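The next block holds one structure in the form of structure tokens; read it before the comments.
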Amino acid sequence: MGSSAADFIDFLHAARQSIWQVLPMGPTIAEEYHGPYASVSAFAGNPLLISLDALVEDGLLSRAELDRQRRKVSLKGSDSRVDFRAVEAFKAPLLKHAARNFEGKRADAALERFSREQPWATNYAQYAALRERFRTGRQRWPKAVRFKPKRLSAALDVPLSKAEVRGQLVLQLLFLKQWQALRSLARSKGVYLFGDLPIYVSNDSADVWASPELFEVDRSSGSPTLVSGVPPDIFNSKGQLWGHPLYNWKAMERDGFRWWVDRFRALADSFDIVRVDHFRAFESYWAVPYGSHSAKSGSWLKSPGEKLFSTVQRKLGSLPFFVEDLGLITPEVHALREKFSLMGTRVLQFAFSGDPTGSSKSRHHPVNTPQHTVTYTATHDNAPVGDWFASLPSANRAKIRGLLNDCSAEEVPGQFVRLAMSLPARVCIMPLQDVIGLGKGSRMNWPGTASWKNWSWRFSEIPAGTAKRMAHLSEIFERNRD
């Protein structure tokens with residue numbers, strides 16, 4: 001959240017782009033390859049995103065300490081992939097030191113105010129402190145604290161110290177401070193920040209630890225009883241077994257959906273726009289018995305989505321939601337989205353991946369694009385357009401090139417961006433890989449796989465002239481900020 005993020009906002013401003021969509025920003029863990037959709041909190045921020053240079057400016061670190069750690073820990077990695085293990089080794093000691101330096105009456109008052117205004121913060125800080133102490137996931141903790149007991153100190157041989165919990169709270173306060181500064185800068189440049197609400201949380205999370213009654217988990221073993229996934233489809237014959245614990249919707253409804261209202265409120269306080277992941281699960285969700293080897297053994301169960309969104313709307317008012325309504329979408333899912341006037345999603349790639357002679361039948365085809373939607377060239381789960389195009393059968397490639405005025409293969413990513421911006425969709429989002437024309441080696445995620453190559457892509461530079469080209473497209477297709 002330091003100078004490189006500010007530079008990127010300057011690029012967006014110069015390119016006349018008014019939306020920056022980001023992946024979920026919750027704390028990630030090495031056991032899940034730092035995947036942002038397996039966060040250990042639905043509310044907290046990822047400390048690895050904290051700018052160390054900003055901490056130096058705030059007097060919480062010295063430049064000498066930062067330089068000394070840079071000499072000690074190598075962060076070379078590759079130009080296009082983040083080495084998360086090296087980043088953790090580099091940043092963790094410095095973040096702890098900065099948290100210890102956050103002291104004094106003004107600091108104490110700020111921390112007290114933060115804890116009061118963020119009702120999730122104390123539970124998260126206690127959970128994070130325990131995770132750091134035991135250096136493993138919740139299910140391997142002593143049984144007495146696998147879920148939050150009524151008296152946490154009495155359940156531990158050595159109670160958590162004030163410093164252990166305070167250190168975690170400080171990092172969350174610093175994260176929020178830096179994020180608010182970045183959001184203020186974005187607003188001054190006419191850029192809206194677009195956040196992401198993952199449908200599920202990890203079993204190894206502060207949310208499950210503090211409120212197990214809201215999830216389908218076994219209070220004795222600590223394991224889920226029903227887990228998330230999607231059924232077999234044309235993309236995966238076995239379906240996808242995600243493994244998150246499912247929600248105990250009956251308990252959530254009895255509680256007035258308090259956890260969800262708090263979650264939507266927190267997102268609305270941090271972002272201008274919010275994407276609701278896997279929206280179809282708010283109508284019906286795929287439930288797989290824990291211990292299954294594939295998602296095939298699951299079944300569809302109904303969700304109280306209409307009651308939930310009615311409650312959120314009543315409590316918080318109209319919220320700027322986009323929904324990810326991809327996959328097996330039924331008329332009931334469309335009806336739920338339309339009832340609350342939520343924008344749906346279109347992905348151009350999906351229109352041309354199947355039968356090249358019948359692609360116009362796809363809801364994702366350009367001719368079928370409605371205004372009240374957000375159109376993507378591709379998403380974080382797809383290959384960049386250049387790589388995707390190269391992998392298609394020749395008949396599909398020929399049809400796409402014909403649609404794009406017989407452009408060359410190298411020109412396809414840029415022409416796809418142009419096509420997306422020309423459509424009537426109210427919002428158009430392009431992955432940076434497509435904007436700068438990258439192909440193989442720049443993919444963000446391979447769904448259904450778990451490895452360090454997922455979620456680690458990064459760019460080293462944006463080619464000269466990109467901002468001017470994007471600004472020109474925004475102007476000719478009247479996608480201006482106002």
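As shown in the structure tokens, the chain order sets the letters A, B, ...; within each chain, residues go from 1, and ligands are also counted from 1 in the order they appear.
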
Can you list, as a PDB file with C-alpha atoms, in the first residue's frame, every protein, DNA or RNA residue that comes within 9 Å of Asn248 (chain A) when you count only C-alpha atoms, leaving out same-chain residues fewer than 3 positions away?
ATOM      1  CA  GLU A 213     -22.463 -22.036  15.973  1.00  0.00           C
ATOM      2  CA  LEU A 214     -22.765 -20.138  12.668  1.00  0.00           C
ATOM      3  CA  PHE A 215     -20.962 -22.838  10.667  1.00  0.00           C
ATOM      4  CA  GLU A 216     -21.427 -26.539   9.892  1.00  0.00           C
ATOM      5  CA  VAL A 217     -18.588 -27.757  12.117  1.00  0.00           C
ATOM      6  CA  ALA A 251     -28.582 -20.230  13.133  1.00  0.00           C
ATOM      7  CA  MET A 252     -27.659 -17.168  11.064  1.00  0.00           C
ATOM      8  CA  GLU A 253     -31.302 -16.425  10.352  1.00  0.00           C
TER       9      GLU A 253
END

If we count only C-alpha atoms, what is near region 441-445 of chain A at a cut-off of 12 Å, once residues fewer than 4 positions away on the same chain are taken out, given as JSON, numbers by chain?
{"A": [23, 33, 34, 35, 36, 37, 78, 79, 80, 81, 82, 378, 379, 380, 381, 382, 383, 384, 385, 386, 387, 388, 431, 432, 433, 434, 436, 437, 449, 450, 451, 452, 453, 454, 455, 456, 457, 458, 459, 460]}

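In terms of minimum interatomic distance to Ala110 (chain A), A:Leu176 ranks closest within A:Leu176, A:Ala144, A:Ala287, A:Ala86, counting only C-alpha atoms.
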
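The shortest atom-to-atom distance to Arg146 (chain A), with only C-alpha atoms taken into account, belongs to A:Gly222 out of A:Gly222, A:Pro245, A:Pro370, A:Gly239.
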
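Residues in contact range of Lys177 (chain A), defined as at most 12 Å between only C-alpha atoms, with sequence neighbours fewer than 5 positions away removed, read A:Met1, A:Gly2, A:Gly45, A:Pro47, A:Ile50, A:Ser51, A:Ala54, A:Leu55, A:Asp58, A:Ala110, A:Leu111, A:Phe114, A:Val170, A:Leu171, A:Gln172, A:Leu182, A:Arg183, A:Ser184, A:Ser270.
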
Export of prior selection with all heavy atoms as a CSV table (one decimal), in the first residue's frame:
chain,number,residue,atom,x,y,z
A,1,MET,N,0.8,-1.2,0.0
A,1,MET,CA,0.0,0.0,0.0
A,1,MET,C,0.9,1.3,0.0
A,1,MET,O,0.4,2.3,0.4
A,1,MET,CB,-0.9,0.0,1.2
A,1,MET,CG,-2.0,-1.1,1.1
A,1,MET,SD,-3.2,-1.0,2.4
A,1,MET,CE,-2.3,-1.6,3.8
A,2,GLY,N,2.1,1.2,-0.5
A,2,GLY,CA,3.0,2.3,-0.5
A,2,GLY,C,3.0,3.0,-1.8
A,2,GLY,O,2.1,3.2,-2.5
A,45,GLY,N,-7.4,-7.2,7.6
A,45,GLY,CA,-6.5,-7.0,6.5
A,45,GLY,C,-5.3,-7.8,6.5
A,45,GLY,O,-4.8,-8.2,7.6
A,47,PRO,N,-1.5,-8.2,6.8
A,47,PRO,CA,-0.4,-7.4,7.2
A,47,PRO,C,0.7,-7.4,6.1
A,47,PRO,O,1.5,-6.4,6.1
A,47,PRO,CB,0.1,-8.1,8.5
A,47,PRO,CG,-1.1,-8.8,9.0
A,47,PRO,CD,-1.9,-9.2,7.8
A,50,ILE,N,1.1,-4.2,4.2
A,50,ILE,CA,1.5,-2.9,4.8
A,50,ILE,C,2.8,-2.4,4.3
A,50,ILE,O,3.7,-3.2,4.0
A,50,ILE,CB,1.6,-3.1,6.4
A,50,ILE,CG1,0.2,-3.4,7.0
A,50,ILE,CG2,2.3,-1.9,7.0
A,50,ILE,CD1,0.3,-3.7,8.5
A,51,SER,N,2.8,-1.1,4.0
A,51,SER,CA,4.0,-0.5,3.4
A,51,SER,C,5.0,-0.2,4.6
A,51,SER,O,4.8,0.5,5.5
A,51,SER,CB,3.7,0.8,2.8
A,51,SER,OG,4.8,1.6,2.5
A,54,ALA,N,6.2,3.5,4.6
A,54,ALA,CA,5.2,4.3,5.4
A,54,ALA,C,5.4,4.2,6.9
A,54,ALA,O,5.3,5.2,7.6
A,54,ALA,CB,3.8,4.0,5.0
A,55,LEU,N,5.8,3.0,7.3
A,55,LEU,CA,6.1,2.8,8.8
A,55,LEU,C,7.4,3.6,9.2
A,55,LEU,O,7.5,4.1,10.3
A,55,LEU,CB,6.3,1.3,9.1
A,55,LEU,CG,5.0,0.5,8.9
A,55,LEU,CD1,5.3,-1.0,9.3
A,55,LEU,CD2,3.8,1.0,9.6
A,58,ASP,N,6.3,7.1,9.6
A,58,ASP,CA,5.6,7.3,10.8
A,58,ASP,C,6.5,7.2,12.1
A,58,ASP,O,6.0,7.3,13.2
A,58,ASP,CB,4.4,6.3,10.9
A,58,ASP,CG,3.3,6.6,9.9
A,58,ASP,OD1,3.3,7.7,9.5
A,58,ASP,OD2,2.5,5.7,9.7
A,110,ALA,N,-5.8,5.5,20.4
A,110,ALA,CA,-6.2,5.1,19.0
A,110,ALA,C,-6.5,3.7,19.0
A,110,ALA,O,-7.5,3.2,18.3
A,110,ALA,CB,-5.0,5.4,18.1
A,111,LEU,N,-5.8,2.8,19.7
A,111,LEU,CA,-6.0,1.4,19.7
A,111,LEU,C,-7.3,1.1,20.4
A,111,LEU,O,-8.1,0.2,20.0
A,111,LEU,CB,-4.9,0.7,20.4
A,111,LEU,CG,-4.6,-0.8,20.1
A,111,LEU,CD1,-4.4,-0.9,18.6
A,111,LEU,CD2,-3.4,-1.3,20.8
A,114,PHE,N,-10.1,2.0,18.0
A,114,PHE,CA,-10.1,1.0,16.9
A,114,PHE,C,-10.8,-0.2,17.4
A,114,PHE,O,-11.7,-0.8,16.7
A,114,PHE,CB,-8.7,0.7,16.4
A,114,PHE,CG,-8.6,-0.4,15.5
A,114,PHE,CD1,-9.0,-0.3,14.1
A,114,PHE,CD2,-8.2,-1.7,15.9
A,114,PHE,CE1,-8.9,-1.3,13.2
A,114,PHE,CE2,-8.1,-2.8,15.0
A,114,PHE,CZ,-8.5,-2.6,13.6
A,170,VAL,N,-2.5,-3.8,16.7
A,170,VAL,CA,-1.7,-2.7,16.1
A,170,VAL,C,-1.6,-2.9,14.6
A,170,VAL,O,-1.8,-1.9,13.8
A,170,VAL,CB,-0.4,-2.5,16.8
A,170,VAL,CG1,0.5,-1.6,16.0
A,170,VAL,CG2,-0.5,-2.1,18.2
A,171,LEU,N,-1.2,-4.1,14.2
A,171,LEU,CA,-1.1,-4.3,12.7
A,171,LEU,C,-2.4,-4.1,12.0
A,171,LEU,O,-2.3,-3.5,10.9
A,171,LEU,CB,-0.6,-5.8,12.5
A,171,LEU,CG,0.8,-6.1,13.0
A,171,LEU,CD1,1.2,-7.5,12.6
A,171,LEU,CD2,1.9,-5.1,12.4
A,172,GLN,N,-3.5,-4.4,12.6
A,172,GLN,CA,-4.8,-4.2,11.9
A,172,GLN,C,-5.1,-2.7,11.9
A,172,GLN,O,-5.6,-2.2,10.9
A,172,GLN,CB,-5.9,-4.9,12.6
A,172,GLN,CG,-5.8,-6.4,12.4
A,172,GLN,CD,-5.8,-6.8,10.9
A,172,GLN,OE1,-6.6,-6.4,10.1
A,172,GLN,NE2,-4.8,-7.6,10.5
A,182,LEU,N,-4.7,5.4,1.1
A,182,LEU,CA,-4.7,5.0,-0.3
A,182,LEU,C,-6.1,5.3,-0.9
A,182,LEU,O,-6.2,5.7,-2.1
A,182,LEU,CB,-4.4,3.5,-0.5
A,182,LEU,CG,-4.1,3.0,-1.9
A,182,LEU,CD1,-2.9,3.6,-2.5
A,182,LEU,CD2,-4.0,1.5,-1.9
A,183,ARG,N,-7.2,5.0,-0.2
A,183,ARG,CA,-8.5,5.2,-0.7
A,183,ARG,C,-8.7,6.7,-0.9
A,183,ARG,O,-9.4,7.1,-1.9
A,183,ARG,CB,-9.6,4.7,0.2
A,183,ARG,CG,-11.0,4.7,-0.4
A,183,ARG,CD,-12.0,4.1,0.6
A,183,ARG,NE,-13.3,4.1,0.0
A,183,ARG,CZ,-14.4,3.8,0.6
A,183,ARG,NH1,-14.4,3.5,1.9
A,183,ARG,NH2,-15.6,3.8,0.0
A,184,SER,N,-8.2,7.5,0.0
A,184,SER,CA,-8.4,9.0,-0.1
A,184,SER,C,-7.6,9.5,-1.4
A,184,SER,O,-8.1,10.3,-2.1
A,184,SER,CB,-7.8,9.7,1.1
A,184,SER,OG,-7.9,11.1,1.0
A,270,SER,N,-14.8,0.2,3.4
A,270,SER,CA,-13.5,0.1,2.9
A,270,SER,C,-13.4,0.3,1.3
A,270,SER,O,-12.4,0.6,0.8
A,270,SER,CB,-12.8,-1.3,3.2
A,270,SER,OG,-12.6,-1.4,4.6

Would you please work out which residue, of A:Lys315, A:Asp7, A:Thr373, A:Ser362, is nearest to Arg275 (chain A) when using only C-alpha atoms?
A:Thr373

Using DSSP on the backbone coordinates, identify the residues of region 152-273 of chain A assigned to alpha helix (DSSP H); present them as a PyMOL selection string.
chain A and resi 152-155+162-188+206-210+249-254+258-270

Fewer than 3 positions away in the same chain doesn't count, so skip those; otherwise give me all residues within 12 Å of Ala464 (chain A), counting only C-alpha atoms, as a ChimeraX atom specification.
/A:11,14-15,436,461,467-470

With N, CA, C and O atoms kept, could you save the residues just selected as a CSV table (one decimal), in the first residue's frame?
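Result file again-v1.csv:
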chain,number,residue,atom,x,y,z
A,11,PHE,N,-1.3,5.9,-12.8
A,11,PHE,CA,-1.5,5.4,-14.1
A,11,PHE,C,-2.9,5.3,-14.5
A,11,PHE,O,-3.3,5.7,-15.6
A,14,ALA,N,-4.2,8.7,-15.4
A,14,ALA,CA,-3.7,9.1,-16.7
A,14,ALA,C,-4.4,8.3,-17.8
A,14,ALA,O,-4.6,8.8,-18.9
A,15,ALA,N,-4.8,7.1,-17.5
A,15,ALA,CA,-5.4,6.2,-18.5
A,15,ALA,C,-6.9,6.4,-18.6
A,15,ALA,O,-7.6,5.7,-19.3
A,436,ILE,N,-1.9,-5.0,-21.1
A,436,ILE,CA,-0.5,-4.9,-21.6
A,436,ILE,C,-0.1,-6.0,-22.5
A,436,ILE,O,1.0,-6.1,-22.9
A,461,GLU,N,6.5,-3.8,-15.1
A,461,GLU,CA,6.4,-2.4,-15.6
A,461,GLU,C,5.2,-2.4,-16.6
A,461,GLU,O,4.8,-3.5,-17.1
A,467,ALA,N,-1.1,4.1,-21.1
A,467,ALA,CA,-2.1,5.0,-20.5
A,467,ALA,C,-2.7,5.9,-21.6
A,467,ALA,O,-4.0,6.1,-21.6
A,468,LYS,N,-1.9,6.3,-22.5
A,468,LYS,CA,-2.5,7.1,-23.6
A,468,LYS,C,-3.5,6.3,-24.5
A,468,LYS,O,-4.5,6.8,-24.9
A,469,ARG,N,-3.1,5.1,-24.7
A,469,ARG,CA,-4.0,4.2,-25.6
A,469,ARG,C,-5.3,4.0,-24.8
A,469,ARG,O,-6.4,4.0,-25.4
A,470,MET,N,-5.3,3.7,-23.5
A,470,MET,CA,-6.5,3.4,-22.8
A,470,MET,C,-7.3,4.7,-22.6
A,470,MET,O,-8.6,4.6,-22.6

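Note that the spacing between CA of Val145 (chain A) and CA of Leu246 (chain A) amounts to 21.1 Å.
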
Looking only at the backbone, which of the residues in region 144-278 of chain A does DSSP tag as strand (DSSP E), as a PyMOL selection string?
chain A and resi 192-197+226-230+240-245+273-276
